[in-house]
file my_file_30.txt (compact mmCIF, N, CA and C atoms)
# COMPACT_ATOMS: atom_id res chain seq x y z
N MET J 1 34.58 90.65 -2.90
CA MET J 1 33.30 90.21 -3.43
C MET J 1 32.44 89.60 -2.32
N LYS J 2 33.07 88.84 -1.44
CA LYS J 2 32.33 88.23 -0.33
C LYS J 2 31.73 89.30 0.56
N LYS J 3 32.50 90.34 0.81
CA LYS J 3 32.05 91.43 1.68
C LYS J 3 30.82 92.11 1.06
N PHE J 4 30.85 92.30 -0.27
CA PHE J 4 29.73 92.92 -0.96
C PHE J 4 28.48 92.05 -0.85
N ASN J 5 28.63 90.73 -1.05
CA ASN J 5 27.49 89.82 -0.96
C ASN J 5 26.90 89.80 0.45
N LEU J 6 27.75 89.82 1.46
CA LEU J 6 27.25 89.84 2.84
C LEU J 6 26.52 91.15 3.13
N SER J 7 27.07 92.26 2.61
CA SER J 7 26.40 93.55 2.80
C SER J 7 25.06 93.58 2.10
N LEU J 8 25.01 93.03 0.91
CA LEU J 8 23.76 92.97 0.15
C LEU J 8 22.74 92.10 0.88
N PHE J 9 23.19 91.00 1.44
CA PHE J 9 22.31 90.10 2.20
C PHE J 9 21.75 90.82 3.43
N ALA J 10 22.60 91.54 4.16
CA ALA J 10 22.14 92.27 5.35
C ALA J 10 21.14 93.35 4.96
N LEU J 11 21.39 94.03 3.87
CA LEU J 11 20.47 95.06 3.40
C LEU J 11 19.13 94.45 3.02
N ALA J 12 19.16 93.32 2.37
CA ALA J 12 17.91 92.64 1.98
C ALA J 12 17.12 92.22 3.20
N LEU J 13 17.79 91.76 4.23
CA LEU J 13 17.09 91.38 5.47
C LEU J 13 16.39 92.57 6.10
N LEU J 14 17.05 93.71 6.14
CA LEU J 14 16.45 94.89 6.73
C LEU J 14 15.29 95.41 5.91
N ALA J 15 15.39 95.29 4.60
CA ALA J 15 14.33 95.80 3.74
C ALA J 15 13.13 94.86 3.70
N ASN J 16 13.34 93.60 4.03
CA ASN J 16 12.28 92.60 3.94
C ASN J 16 11.44 92.59 5.20
N GLY J 17 10.26 93.12 5.11
CA GLY J 17 9.33 93.04 6.22
C GLY J 17 9.69 93.95 7.37
N CYS J 18 9.62 93.43 8.56
CA CYS J 18 9.79 94.22 9.78
C CYS J 18 11.26 94.52 10.02
N SER J 19 11.51 95.68 10.52
CA SER J 19 12.86 96.06 10.86
C SER J 19 13.28 95.35 12.13
N GLY J 20 14.53 94.96 12.21
CA GLY J 20 15.00 94.26 13.39
C GLY J 20 15.65 95.17 14.41
N PHE J 21 15.91 96.40 14.06
CA PHE J 21 16.60 97.29 14.97
C PHE J 21 15.65 98.40 15.41
N MET J 22 15.53 98.59 16.70
CA MET J 22 14.63 99.62 17.19
C MET J 22 15.15 100.18 18.49
N MET J 23 15.27 101.46 18.54
CA MET J 23 15.59 102.13 19.78
C MET J 23 14.33 102.82 20.26
N GLN J 24 14.39 103.38 21.45
CA GLN J 24 13.21 103.95 22.07
C GLN J 24 12.54 105.01 21.18
N SER J 25 13.30 105.82 20.47
CA SER J 25 12.70 106.88 19.67
C SER J 25 12.45 106.47 18.22
N ASN J 26 12.82 105.27 17.82
CA ASN J 26 12.65 104.80 16.46
C ASN J 26 11.44 103.88 16.38
N ARG J 27 10.44 104.22 15.62
CA ARG J 27 9.18 103.48 15.58
C ARG J 27 9.01 102.64 14.32
N GLU J 28 10.10 102.28 13.63
CA GLU J 28 9.99 101.53 12.40
C GLU J 28 9.34 100.16 12.59
N SER J 29 9.51 99.54 13.73
CA SER J 29 9.01 98.20 13.97
C SER J 29 7.72 98.18 14.76
N THR J 30 7.21 99.33 15.10
CA THR J 30 6.04 99.41 15.95
C THR J 30 4.95 100.24 15.29
N THR J 31 3.73 99.75 15.40
CA THR J 31 2.59 100.55 14.95
C THR J 31 1.59 100.63 16.10
N THR J 32 0.87 101.72 16.14
CA THR J 32 -0.22 101.87 17.11
C THR J 32 -1.46 102.32 16.36
N GLU J 33 -2.58 101.73 16.74
CA GLU J 33 -3.85 102.08 16.13
C GLU J 33 -4.86 102.33 17.25
N PRO J 34 -5.59 103.43 17.18
CA PRO J 34 -6.61 103.66 18.20
C PRO J 34 -7.80 102.72 18.00
N ILE J 35 -8.30 102.22 19.10
CA ILE J 35 -9.53 101.42 19.10
C ILE J 35 -10.67 102.32 19.60
N SER J 36 -10.37 103.06 20.66
CA SER J 36 -11.27 104.07 21.21
C SER J 36 -10.39 105.18 21.78
N SER J 37 -10.98 106.12 22.50
CA SER J 37 -10.17 107.21 23.04
C SER J 37 -9.18 106.74 24.10
N THR J 38 -9.45 105.61 24.74
CA THR J 38 -8.54 105.10 25.78
C THR J 38 -8.07 103.67 25.51
N SER J 39 -8.32 103.16 24.32
CA SER J 39 -7.88 101.81 23.96
C SER J 39 -7.07 101.87 22.67
N TYR J 40 -5.98 101.09 22.65
CA TYR J 40 -5.10 101.09 21.48
C TYR J 40 -4.62 99.68 21.17
N LYS J 41 -4.30 99.49 19.91
CA LYS J 41 -3.67 98.25 19.45
C LYS J 41 -2.21 98.60 19.16
N VAL J 42 -1.30 97.91 19.84
CA VAL J 42 0.14 98.12 19.68
C VAL J 42 0.73 96.86 19.05
N THR J 43 1.42 97.02 17.93
CA THR J 43 2.02 95.89 17.24
C THR J 43 3.53 96.10 17.16
N PHE J 44 4.28 95.09 17.57
CA PHE J 44 5.73 95.13 17.42
C PHE J 44 6.15 93.94 16.58
N CYS J 45 6.95 94.20 15.55
CA CYS J 45 7.45 93.16 14.67
C CYS J 45 8.98 93.22 14.68
N GLY J 46 9.60 92.12 15.04
CA GLY J 46 11.05 92.07 15.14
C GLY J 46 11.68 91.27 14.02
N ALA J 47 12.99 91.21 14.04
CA ALA J 47 13.76 90.45 13.05
C ALA J 47 13.79 88.97 13.43
N GLY J 48 14.21 88.16 12.49
CA GLY J 48 14.23 86.72 12.69
C GLY J 48 15.13 86.23 13.81
N TYR J 49 16.13 86.99 14.18
CA TYR J 49 17.03 86.56 15.24
C TYR J 49 16.60 87.07 16.61
N MET J 50 15.51 87.81 16.68
CA MET J 50 15.06 88.38 17.95
C MET J 50 14.19 87.36 18.71
N PRO J 51 14.51 87.10 19.96
CA PRO J 51 13.65 86.21 20.75
C PRO J 51 12.26 86.82 20.94
N LYS J 52 11.25 85.98 21.02
CA LYS J 52 9.88 86.46 21.21
C LYS J 52 9.74 87.25 22.51
N ALA J 53 10.45 86.85 23.55
CA ALA J 53 10.36 87.58 24.83
C ALA J 53 10.84 89.02 24.66
N LYS J 54 11.87 89.22 23.86
CA LYS J 54 12.38 90.57 23.59
C LYS J 54 11.34 91.37 22.81
N ALA J 55 10.69 90.73 21.84
CA ALA J 55 9.65 91.41 21.05
C ALA J 55 8.48 91.81 21.95
N GLU J 56 8.11 90.95 22.87
CA GLU J 56 7.02 91.28 23.80
C GLU J 56 7.43 92.45 24.69
N ASN J 57 8.67 92.44 25.15
CA ASN J 57 9.17 93.55 25.97
C ASN J 57 9.12 94.86 25.20
N MET J 58 9.48 94.83 23.92
CA MET J 58 9.46 96.04 23.10
C MET J 58 8.02 96.53 22.88
N ALA J 59 7.09 95.61 22.72
CA ALA J 59 5.67 96.01 22.57
C ALA J 59 5.17 96.66 23.86
N LEU J 60 5.54 96.09 25.01
CA LEU J 60 5.14 96.68 26.29
C LEU J 60 5.82 98.03 26.51
N GLN J 61 7.03 98.16 26.04
CA GLN J 61 7.74 99.44 26.15
C GLN J 61 7.00 100.50 25.34
N ARG J 62 6.60 100.16 24.13
CA ARG J 62 5.86 101.11 23.31
C ARG J 62 4.50 101.43 23.93
N ALA J 63 3.84 100.44 24.51
CA ALA J 63 2.57 100.67 25.19
C ALA J 63 2.76 101.65 26.35
N SER J 64 3.86 101.51 27.07
CA SER J 64 4.17 102.42 28.17
C SER J 64 4.38 103.84 27.67
N GLU J 65 5.15 103.98 26.59
CA GLU J 65 5.40 105.30 26.02
C GLU J 65 4.10 105.95 25.54
N LEU J 66 3.26 105.17 24.89
CA LEU J 66 1.99 105.67 24.40
C LEU J 66 1.09 106.13 25.55
N THR J 67 1.08 105.34 26.63
CA THR J 67 0.28 105.67 27.81
C THR J 67 0.67 107.05 28.35
N LEU J 68 1.96 107.27 28.53
CA LEU J 68 2.44 108.55 29.07
C LEU J 68 2.19 109.70 28.08
N LYS J 69 2.37 109.43 26.79
CA LYS J 69 2.15 110.46 25.77
C LYS J 69 0.69 110.92 25.76
N LYS J 70 -0.22 110.00 26.01
CA LYS J 70 -1.64 110.33 26.00
C LYS J 70 -2.11 110.92 27.33
N GLY J 71 -1.20 111.08 28.29
CA GLY J 71 -1.53 111.72 29.56
C GLY J 71 -2.05 110.79 30.62
N TYR J 72 -1.83 109.49 30.46
CA TYR J 72 -2.27 108.51 31.45
C TYR J 72 -1.05 107.96 32.19
N THR J 73 -1.29 107.26 33.28
CA THR J 73 -0.19 106.73 34.09
C THR J 73 -0.07 105.21 34.02
N HIS J 74 -1.16 104.52 33.74
CA HIS J 74 -1.19 103.06 33.76
C HIS J 74 -1.88 102.52 32.50
N PHE J 75 -1.58 101.27 32.19
CA PHE J 75 -2.30 100.58 31.11
C PHE J 75 -2.46 99.12 31.49
N ALA J 76 -3.48 98.51 30.92
CA ALA J 76 -3.71 97.08 31.12
C ALA J 76 -3.82 96.42 29.75
N VAL J 77 -3.23 95.25 29.60
CA VAL J 77 -3.33 94.49 28.36
C VAL J 77 -4.59 93.64 28.47
N PHE J 78 -5.55 93.91 27.58
CA PHE J 78 -6.77 93.10 27.64
C PHE J 78 -6.80 92.02 26.57
N GLU J 79 -5.87 92.08 25.62
CA GLU J 79 -5.74 91.01 24.64
C GLU J 79 -4.31 91.00 24.11
N LYS J 80 -3.71 89.81 24.06
CA LYS J 80 -2.36 89.66 23.51
C LYS J 80 -2.40 88.54 22.49
N SER J 81 -1.81 88.79 21.32
CA SER J 81 -1.74 87.73 20.32
C SER J 81 -0.34 87.68 19.72
N ASP J 82 0.03 86.50 19.30
CA ASP J 82 1.33 86.25 18.70
C ASP J 82 1.10 85.85 17.26
N LYS J 83 1.47 86.71 16.35
CA LYS J 83 1.30 86.47 14.91
C LYS J 83 2.66 86.29 14.23
N SER J 84 3.57 85.64 14.95
CA SER J 84 4.92 85.43 14.43
C SER J 84 4.87 84.61 13.14
N GLU J 85 5.83 84.87 12.27
CA GLU J 85 5.88 84.21 10.97
C GLU J 85 7.20 83.47 10.82
N MET J 86 7.16 82.37 10.09
CA MET J 86 8.36 81.58 9.81
C MET J 86 8.97 82.10 8.51
N ASP J 87 10.26 82.37 8.54
CA ASP J 87 11.01 82.80 7.35
C ASP J 87 12.05 81.75 7.01
N GLN J 88 12.29 81.56 5.74
CA GLN J 88 13.40 80.73 5.30
C GLN J 88 14.41 81.63 4.62
N LEU J 89 15.61 81.64 5.13
CA LEU J 89 16.67 82.46 4.57
C LEU J 89 17.72 81.57 3.95
N GLU J 90 18.12 81.93 2.76
CA GLU J 90 19.17 81.19 2.08
C GLU J 90 20.52 81.68 2.57
N ASP J 91 21.42 80.79 2.81
CA ASP J 91 22.75 81.14 3.28
C ASP J 91 23.59 81.59 2.08
N VAL J 92 23.46 82.88 1.73
CA VAL J 92 24.14 83.39 0.54
C VAL J 92 25.65 83.46 0.71
N SER J 93 26.13 83.61 1.92
CA SER J 93 27.58 83.67 2.10
C SER J 93 28.21 82.33 1.71
N ARG J 94 27.57 81.23 2.10
CA ARG J 94 28.07 79.91 1.73
C ARG J 94 27.92 79.70 0.23
N LYS J 95 26.81 80.15 -0.33
CA LYS J 95 26.57 79.99 -1.76
C LYS J 95 27.63 80.74 -2.56
N SER J 96 27.95 81.97 -2.14
CA SER J 96 28.96 82.76 -2.83
C SER J 96 30.32 82.06 -2.78
N TYR J 97 30.63 81.51 -1.61
CA TYR J 97 31.90 80.83 -1.41
C TYR J 97 32.00 79.61 -2.33
N LEU J 98 30.89 78.90 -2.48
CA LEU J 98 30.93 77.65 -3.22
C LEU J 98 30.67 77.82 -4.72
N GLN J 99 30.36 79.02 -5.16
CA GLN J 99 30.16 79.21 -6.60
C GLN J 99 31.46 78.88 -7.32
N GLY J 100 31.34 78.14 -8.37
CA GLY J 100 32.52 77.77 -9.14
C GLY J 100 33.19 76.51 -8.62
N VAL J 101 32.82 76.06 -7.41
CA VAL J 101 33.37 74.82 -6.88
C VAL J 101 32.48 73.70 -7.37
N LYS J 102 33.08 72.67 -7.91
CA LYS J 102 32.29 71.56 -8.44
C LYS J 102 31.50 70.92 -7.31
N GLN J 103 30.22 70.76 -7.51
CA GLN J 103 29.34 70.20 -6.49
C GLN J 103 29.36 68.68 -6.60
N THR J 104 29.59 68.02 -5.47
CA THR J 104 29.53 66.57 -5.43
C THR J 104 28.10 66.16 -5.14
N SER J 105 27.75 64.95 -5.46
CA SER J 105 26.36 64.52 -5.27
C SER J 105 25.98 64.61 -3.80
N GLY J 106 24.80 65.12 -3.57
CA GLY J 106 24.29 65.24 -2.21
C GLY J 106 24.72 66.48 -1.48
N GLU J 107 25.63 67.28 -2.04
CA GLU J 107 26.09 68.49 -1.36
C GLU J 107 25.24 69.68 -1.80
N ASN J 108 24.73 70.42 -0.85
CA ASN J 108 23.95 71.61 -1.16
C ASN J 108 24.89 72.80 -1.29
N LEU J 109 24.64 73.61 -2.32
CA LEU J 109 25.42 74.82 -2.48
C LEU J 109 25.12 75.81 -1.36
N ALA J 110 23.90 75.86 -0.95
CA ALA J 110 23.52 76.82 0.08
C ALA J 110 22.54 76.16 1.04
N GLY J 111 22.76 76.37 2.30
CA GLY J 111 21.83 75.84 3.29
C GLY J 111 20.73 76.85 3.53
N GLN J 112 19.66 76.40 4.14
CA GLN J 112 18.58 77.31 4.50
C GLN J 112 18.42 77.31 6.00
N GLN J 113 18.03 78.45 6.51
CA GLN J 113 17.76 78.57 7.93
C GLN J 113 16.30 78.93 8.10
N ASN J 114 15.65 78.29 9.05
CA ASN J 114 14.30 78.66 9.39
C ASN J 114 14.36 79.61 10.58
N LEU J 115 13.81 80.79 10.40
CA LEU J 115 13.81 81.80 11.44
C LEU J 115 12.37 82.19 11.75
N VAL J 116 12.11 82.46 13.00
CA VAL J 116 10.80 82.95 13.39
C VAL J 116 10.90 84.45 13.56
N ARG J 117 10.12 85.19 12.78
CA ARG J 117 10.07 86.65 12.89
C ARG J 117 8.93 86.97 13.86
N PRO J 118 9.26 87.43 15.07
CA PRO J 118 8.21 87.67 16.06
C PRO J 118 7.34 88.87 15.71
N LYS J 119 6.06 88.70 15.94
CA LYS J 119 5.10 89.79 15.75
C LYS J 119 4.10 89.69 16.90
N ILE J 120 4.21 90.63 17.82
CA ILE J 120 3.39 90.64 19.02
C ILE J 120 2.36 91.76 18.91
N ILE J 121 1.11 91.44 19.17
CA ILE J 121 0.04 92.43 19.11
C ILE J 121 -0.60 92.52 20.49
N LEU J 122 -0.62 93.73 21.03
CA LEU J 122 -1.24 93.98 22.34
C LEU J 122 -2.40 94.94 22.15
N LYS J 123 -3.51 94.64 22.76
CA LYS J 123 -4.61 95.60 22.85
C LYS J 123 -4.63 96.07 24.29
N ILE J 124 -4.51 97.39 24.45
CA ILE J 124 -4.35 97.95 25.79
C ILE J 124 -5.45 98.96 26.11
N GLN J 125 -5.72 99.10 27.39
CA GLN J 125 -6.64 100.10 27.92
C GLN J 125 -5.83 101.03 28.79
N LEU J 126 -6.00 102.35 28.59
CA LEU J 126 -5.25 103.35 29.36
C LEU J 126 -6.04 103.78 30.59
N TYR J 127 -5.31 104.02 31.68
CA TYR J 127 -5.93 104.43 32.95
C TYR J 127 -5.08 105.50 33.62
N ASN J 128 -5.69 106.23 34.50
CA ASN J 128 -4.97 107.06 35.45
C ASN J 128 -4.82 106.26 36.73
N GLN J 129 -3.88 106.63 37.56
CA GLN J 129 -3.56 105.86 38.75
C GLN J 129 -4.79 105.58 39.62
N ASN J 130 -5.67 106.54 39.80
CA ASN J 130 -6.85 106.37 40.65
C ASN J 130 -7.88 105.43 40.04
N ASP J 131 -7.90 105.32 38.72
CA ASP J 131 -8.91 104.51 38.03
C ASP J 131 -8.39 103.14 37.61
N SER J 132 -7.12 102.85 37.81
CA SER J 132 -6.52 101.64 37.26
C SER J 132 -7.07 100.37 37.90
N THR J 133 -6.96 99.29 37.15
CA THR J 133 -7.41 97.97 37.60
C THR J 133 -6.26 97.27 38.32
N VAL J 134 -6.54 96.12 38.87
CA VAL J 134 -5.54 95.34 39.61
C VAL J 134 -4.38 94.93 38.71
N ASN J 135 -4.65 94.60 37.45
CA ASN J 135 -3.60 94.13 36.53
C ASN J 135 -2.91 95.25 35.77
N ALA J 136 -3.22 96.49 36.08
CA ALA J 136 -2.65 97.62 35.34
C ALA J 136 -1.15 97.73 35.60
N ILE J 137 -0.45 98.15 34.56
CA ILE J 137 1.01 98.32 34.60
C ILE J 137 1.31 99.80 34.71
N ASP J 138 2.15 100.17 35.65
CA ASP J 138 2.60 101.55 35.80
C ASP J 138 3.58 101.84 34.66
N ALA J 139 3.17 102.70 33.72
CA ALA J 139 3.95 102.95 32.50
C ALA J 139 5.33 103.52 32.80
N LYS J 140 5.40 104.48 33.69
CA LYS J 140 6.69 105.11 34.03
C LYS J 140 7.63 104.09 34.69
N GLN J 141 7.08 103.27 35.56
CA GLN J 141 7.89 102.25 36.24
C GLN J 141 8.38 101.19 35.24
N TYR J 142 7.50 100.80 34.30
CA TYR J 142 7.90 99.81 33.30
C TYR J 142 9.06 100.32 32.46
N LEU J 143 8.97 101.57 32.02
CA LEU J 143 10.06 102.15 31.23
C LEU J 143 11.34 102.24 32.04
N SER J 144 11.22 102.61 33.29
CA SER J 144 12.38 102.72 34.16
C SER J 144 13.08 101.36 34.32
N ASP J 145 12.29 100.31 34.44
CA ASP J 145 12.83 98.98 34.68
C ASP J 145 13.31 98.26 33.40
N ASN J 146 12.77 98.65 32.23
CA ASN J 146 12.99 97.87 31.02
C ASN J 146 13.59 98.61 29.84
N SER J 147 13.85 99.88 29.92
CA SER J 147 14.42 100.60 28.78
C SER J 147 15.91 100.34 28.68
N PRO J 148 16.40 100.38 27.42
CA PRO J 148 17.85 100.13 27.23
C PRO J 148 18.70 101.23 27.85

call {"tool": "encode", "arguments": {"input": "my_file_30.txt", "output": "C-alpha cells"}}
result
Amino acid sequence: MKKFNLSLFALALLANGCSGFMMQSNRESTTTEPISSTSYKVTFCGAGYMPKAKAENMALQRASELTLKKGYTHFAVFEKSDKSEMDQLEDVSRKSYLQGVKQTSGENLAGQQNLVRPKIILKIQLYNQNDSTVNAIDAKQYLSDNSP
C-alpha cells in the first residue's frame, strides 16, 4: 500500500504543472514563442527539486538549439526574468504511515515542504557569426559545453 501511495504521489507531481524531467529532444518543460523573425521568447519550467541554475542552463540550451534550427550561429539574451513559483507539497508518505496511529497533541500527521518550482524566461535575439554582438553566445559551443 505504501508503494502505491508513493507512486501515486510521484505521478501527481509530474502531472501538476511543469514537468521536471527533460532531455535534449523532449520539449515538455520548454516553450518557445516568436517575437519577430529573429527574436524569440524561451520559457523553461522545472520541477520543485530542480535548482534555478539548472533551469537557467536548460533554457539556454533550448535557446541554443532554437538558434541552430533557425539557421543562425549565435544568440544574445536581451531580457531574462525569473517567474519561479512556491509550491507546498504534503508529505503523503508520512501521512500514509501514520494513518490509524493515534495522534498525540501537537503532532502533525503530515508535514509540508515548501519547494520553489523554477520558471526562467529568456528573450533572445538570433545572429549569424558576422553580425553578432559582443555578448552573443555561440550556440554550437554552448551545446557542446553544456549538454548532458

call {"tool": "residues_near_point", "arguments": {"input": "my_file_30.txt", "point": "(-5.5, 95.4, 26.0)", "cutoff": "7 Å", "atoms": "all atoms listed in the file", "output": "list in words"}}
result
Tyr40, Ala76, Val77, Phe78, Glu79, Lys80, Leu122, Lys123, Ile124 and Gln125 of chain J

call {"tool": "atom_distance", "arguments": {"input": "my_file_30.txt", "atom1": "CA of Ser81 (chain J)", "atom2": "CA of Lys69 (chain J)"}}
result
23.7 Å

call {"tool": "closest_residue", "arguments": {"input": "my_file_30.txt", "among": "J:Lys52, J:Lys41, J:Lys140, J:Lys119", "to": "Ser64 (chain J)", "atoms": "all atoms listed in the file"}}
result
J:Lys140

call {"tool": "atom_distance", "arguments": {"input": "my_file_30.txt", "atom1": "CA of Asn57 (chain J)", "atom2": "CA of Asn130 (chain J)"}}
result
25.2 Å

call {"tool": "atom_distance", "arguments": {"input": "my_file_30.txt", "atom1": "atom N of Pro34 (chain J)", "atom2": "atom C of Lys70 (chain J)"}}
result
13.1 Å

call {"tool": "axis_aligned_box", "arguments": {"input": "my_file_30.txt", "around": "region 34-39 of chain J", "padding_each_side": "6 Å", "output": "JSON"}}
result
{"center_x": -8.4, "center_y": 104.3, "center_z": 21.5, "size_x": 17.7, "size_y": 17.8, "size_z": 20.6}

call {"tool": "residues_around", "arguments": {"input": "my_file_30.txt", "residues": "His74 (chain J)", "least_positions_apart": "3", "cutoff": "12 Å", "atoms": "only C-alpha atoms", "output": "MDAnalysis selection string"}}
result
chainID J and resid 38:39 60 63:71 77 124:143

call {"tool": "closest_residue", "arguments": {"input": "my_file_30.txt", "among": "J:Thr30, J:Thr73, J:Ser84, J:Ser147", "to": "Val42 (chain J)", "atoms": "all atoms listed in the file"}}
result
J:Thr30

call {"tool": "residues_around", "arguments": {"input": "my_file_30.txt", "residues": "Tyr49 (chain J)", "least_positions_apart": "2", "cutoff": "9 Å", "atoms": "only C-alpha atoms", "output": "number ranges by chain"}}
result
J: 20, 46-47, 51, 115-118

call {"tool": "residues_around", "arguments": {"input": "my_file_30.txt", "residues": "Asp82 (chain J)", "least_positions_apart": "3", "cutoff": "7 Å", "atoms": "only N, CA and C atoms", "output": "ChimeraX atom specification"}}
result
/J:85,119-121
